[in-house]
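Peer 1: The structure that follows is given in the form of structure tokens.
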Amino acid sequence: LSMLKYEHIIYYIIDMPKKTPLVKKLRTVRKEHALSMKDLCRKAKISYNTIISLEIRNVKEPKLSTIIKLAKFYKMSLSQLLKGTEFEA
């Protein structure tokens with residue numbers, strides 16, 4: 001492996017930020033619906049970059065409009081989608 005690839009791998013193993021409860025929940029719900037990230041983007045009409053930001057980049061403050069769109073797509077209330085996350089009401 002080149003040094004650059006090695007450093008990139010080390011970042012993901014050691015330095016990657018811990019996944020927030022919201023990230024874990026979004027990923028779990030997506031997988032329960034047997035969707036890849038690309039499938040979700042296409043079917044929910046949400047950009048791939050947005051899904052990557054939510055699930056991989058661990059965005060701290062997602063747009064409410066995106067969370068609402070996901071809840072509607074999954075036929076869940078906001079309360080159901082956010083239950084057990086840092087944004088639970």
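So you can find residues: chains in the structure tokens are A, B, ... in the order shown, residues in each start at 1, and ligands are numbered from 1 in order.
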Name all residues at most 12 Å from segment 62-77 of chain A (count only C-alpha atoms; drop same-chain ones fewer than 4 positions away) and give them as a ChimeraX atom specification.
Peer 2: /A:20,22-23,25-35,40-47,49-55,57-58,81-83,86-88
Peer 1: For N, CA, C and O atoms, I'd like the residues from the last selection saved as a tab-separated table (two decimals), in the first residue's frame.
Peer 2:
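Final output, selection27.tsv:
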chain	number	residue	atom	x	y	z
A	20	THR	N	-23.05	8.71	15.79
A	20	THR	CA	-24.09	9.21	16.70
A	20	THR	C	-25.28	8.25	16.67
A	20	THR	O	-25.44	7.47	15.72
A	22	LEU	N	-28.25	8.97	15.92
A	22	LEU	CA	-29.03	9.24	14.71
A	22	LEU	C	-28.45	8.51	13.51
A	22	LEU	O	-29.18	7.89	12.73
A	23	VAL	N	-27.13	8.53	13.37
A	23	VAL	CA	-26.47	7.83	12.26
A	23	VAL	C	-26.79	6.34	12.33
A	23	VAL	O	-27.16	5.71	11.33
A	25	LYS	N	-29.32	4.90	13.77
A	25	LYS	CA	-30.75	4.69	13.51
A	25	LYS	C	-31.04	4.77	12.02
A	25	LYS	O	-31.75	3.92	11.47
A	26	LEU	N	-30.51	5.78	11.35
A	26	LEU	CA	-30.76	5.94	9.91
A	26	LEU	C	-30.24	4.74	9.13
A	26	LEU	O	-30.90	4.24	8.22
A	27	ARG	N	-29.07	4.28	9.48
A	27	ARG	CA	-28.48	3.12	8.81
A	27	ARG	C	-29.31	1.86	9.08
A	27	ARG	O	-29.58	1.08	8.16
A	28	THR	N	-29.75	1.68	10.31
A	28	THR	CA	-30.56	0.51	10.67
A	28	THR	C	-31.87	0.50	9.91
A	28	THR	O	-32.26	-0.53	9.34
A	29	VAL	N	-32.55	1.64	9.87
A	29	VAL	CA	-33.84	1.72	9.18
A	29	VAL	C	-33.65	1.46	7.68
A	29	VAL	O	-34.43	0.73	7.07
A	30	ARG	N	-32.61	2.03	7.10
A	30	ARG	CA	-32.34	1.80	5.68
A	30	ARG	C	-32.12	0.32	5.40
A	30	ARG	O	-32.67	-0.25	4.46
A	31	LYS	N	-31.34	-0.33	6.25
A	31	LYS	CA	-31.05	-1.75	6.06
A	31	LYS	C	-32.29	-2.61	6.30
A	31	LYS	O	-32.47	-3.63	5.63
A	32	GLU	N	-33.15	-2.22	7.24
A	32	GLU	CA	-34.40	-2.94	7.48
A	32	GLU	C	-35.29	-2.91	6.23
A	32	GLU	O	-36.08	-3.82	6.00
A	33	HIS	N	-35.16	-1.86	5.44
A	33	HIS	CA	-35.92	-1.73	4.20
A	33	HIS	C	-35.15	-2.32	3.00
A	33	HIS	O	-35.58	-2.16	1.86
A	34	ALA	N	-34.03	-2.97	3.30
A	34	ALA	CA	-33.20	-3.63	2.28
A	34	ALA	C	-32.81	-2.69	1.15
A	34	ALA	O	-32.91	-3.03	-0.03
A	35	LEU	N	-32.37	-1.49	1.53
A	35	LEU	CA	-31.96	-0.49	0.55
A	35	LEU	C	-30.48	-0.19	0.66
A	35	LEU	O	-29.95	-0.07	1.76
A	40	LEU	N	-31.77	4.25	-1.83
A	40	LEU	CA	-32.48	5.23	-1.01
A	40	LEU	C	-32.50	6.60	-1.68
A	40	LEU	O	-33.54	7.25	-1.73
A	41	CYS	N	-31.37	7.02	-2.19
A	41	CYS	CA	-31.29	8.33	-2.87
A	41	CYS	C	-32.28	8.41	-4.02
A	41	CYS	O	-33.02	9.39	-4.13
A	42	ARG	N	-32.28	7.39	-4.81
A	42	ARG	CA	-33.13	7.38	-6.00
A	42	ARG	C	-34.61	7.36	-5.60
A	42	ARG	O	-35.41	8.13	-6.11
A	43	LYS	N	-34.98	6.50	-4.68
A	43	LYS	CA	-36.39	6.32	-4.33
A	43	LYS	C	-36.93	7.46	-3.46
A	43	LYS	O	-38.09	7.84	-3.59
A	44	ALA	N	-36.09	7.99	-2.56
A	44	ALA	CA	-36.55	9.07	-1.66
A	44	ALA	C	-36.30	10.45	-2.25
A	44	ALA	O	-36.68	11.46	-1.64
A	45	LYS	N	-35.62	10.49	-3.40
A	45	LYS	CA	-35.29	11.76	-4.05
A	45	LYS	C	-34.48	12.69	-3.13
A	45	LYS	O	-34.79	13.85	-2.94
A	46	ILE	N	-33.44	12.07	-2.56
A	46	ILE	CA	-32.48	12.79	-1.71
A	46	ILE	C	-31.11	12.57	-2.35
A	46	ILE	O	-30.80	11.47	-2.80
A	47	SER	N	-30.29	13.60	-2.38
A	47	SER	CA	-28.99	13.47	-3.05
A	47	SER	C	-28.10	12.45	-2.34
A	47	SER	O	-28.17	12.27	-1.12
A	49	ASN	N	-24.94	12.72	-1.90
A	49	ASN	CA	-24.05	13.45	-0.98
A	49	ASN	C	-24.71	13.67	0.37
A	49	ASN	O	-24.04	13.64	1.41
A	50	THR	N	-26.00	13.91	0.37
A	50	THR	CA	-26.72	14.11	1.64
A	50	THR	C	-26.73	12.83	2.45
A	50	THR	O	-26.47	12.85	3.66
A	51	ILE	N	-27.01	11.71	1.80
A	51	ILE	CA	-27.03	10.42	2.51
A	51	ILE	C	-25.63	10.09	3.03
A	51	ILE	O	-25.47	9.65	4.16
A	52	ILE	N	-24.62	10.33	2.22
A	52	ILE	CA	-23.23	10.12	2.66
A	52	ILE	C	-22.92	11.00	3.87
A	52	ILE	O	-22.33	10.55	4.85
A	53	SER	N	-23.36	12.25	3.82
A	53	SER	CA	-23.13	13.17	4.94
A	53	SER	C	-23.79	12.66	6.21
A	53	SER	O	-23.21	12.76	7.30
A	54	LEU	N	-24.98	12.11	6.08
A	54	LEU	CA	-25.69	11.61	7.26
A	54	LEU	C	-25.09	10.32	7.80
A	54	LEU	O	-24.88	10.19	9.00
A	55	GLU	N	-24.81	9.38	6.92
A	55	GLU	CA	-24.40	8.05	7.37
A	55	GLU	C	-22.90	7.86	7.54
A	55	GLU	O	-22.47	7.04	8.33
A	57	ARG	N	-20.24	10.73	7.02
A	57	ARG	CA	-19.53	11.90	7.53
A	57	ARG	C	-20.02	12.33	8.90
A	57	ARG	O	-19.46	13.23	9.51
A	58	ASN	N	-21.11	11.70	9.36
A	58	ASN	CA	-21.57	11.93	10.72
A	58	ASN	C	-21.95	13.39	10.98
A	58	ASN	O	-21.57	13.96	11.99
A	81	LEU	N	-38.87	7.96	13.97
A	81	LEU	CA	-37.55	7.98	13.36
A	81	LEU	C	-36.48	8.48	14.33
A	81	LEU	O	-35.36	7.99	14.34
A	82	LEU	N	-36.84	9.44	15.15
A	82	LEU	CA	-35.85	10.05	16.05
A	82	LEU	C	-35.77	9.38	17.42
A	82	LEU	O	-34.92	9.72	18.23
A	83	LYS	N	-36.65	8.41	17.68
A	83	LYS	CA	-36.65	7.72	18.97
A	83	LYS	C	-35.30	7.05	19.23
A	83	LYS	O	-34.75	6.37	18.37
A	86	GLU	N	-30.13	11.41	19.66
A	86	GLU	CA	-29.87	12.65	20.39
A	86	GLU	C	-30.91	13.72	20.09
A	86	GLU	O	-30.97	14.74	20.77
A	87	PHE	N	-31.77	13.49	19.10
A	87	PHE	CA	-32.80	14.47	18.73
A	87	PHE	C	-34.18	14.06	19.20
A	87	PHE	O	-35.18	14.66	18.84
A	88	GLU	N	-34.27	13.02	20.03
A	88	GLU	CA	-35.56	12.55	20.51
A	88	GLU	C	-36.22	13.64	21.34
A	88	GLU	O	-35.60	14.28	22.18
Peer 1: Got a sec to tell me which of segment 3-85 of chain A DSSP assigns to helix (DSSP H, G or I), as a count of residues only?
Peer 2: 56
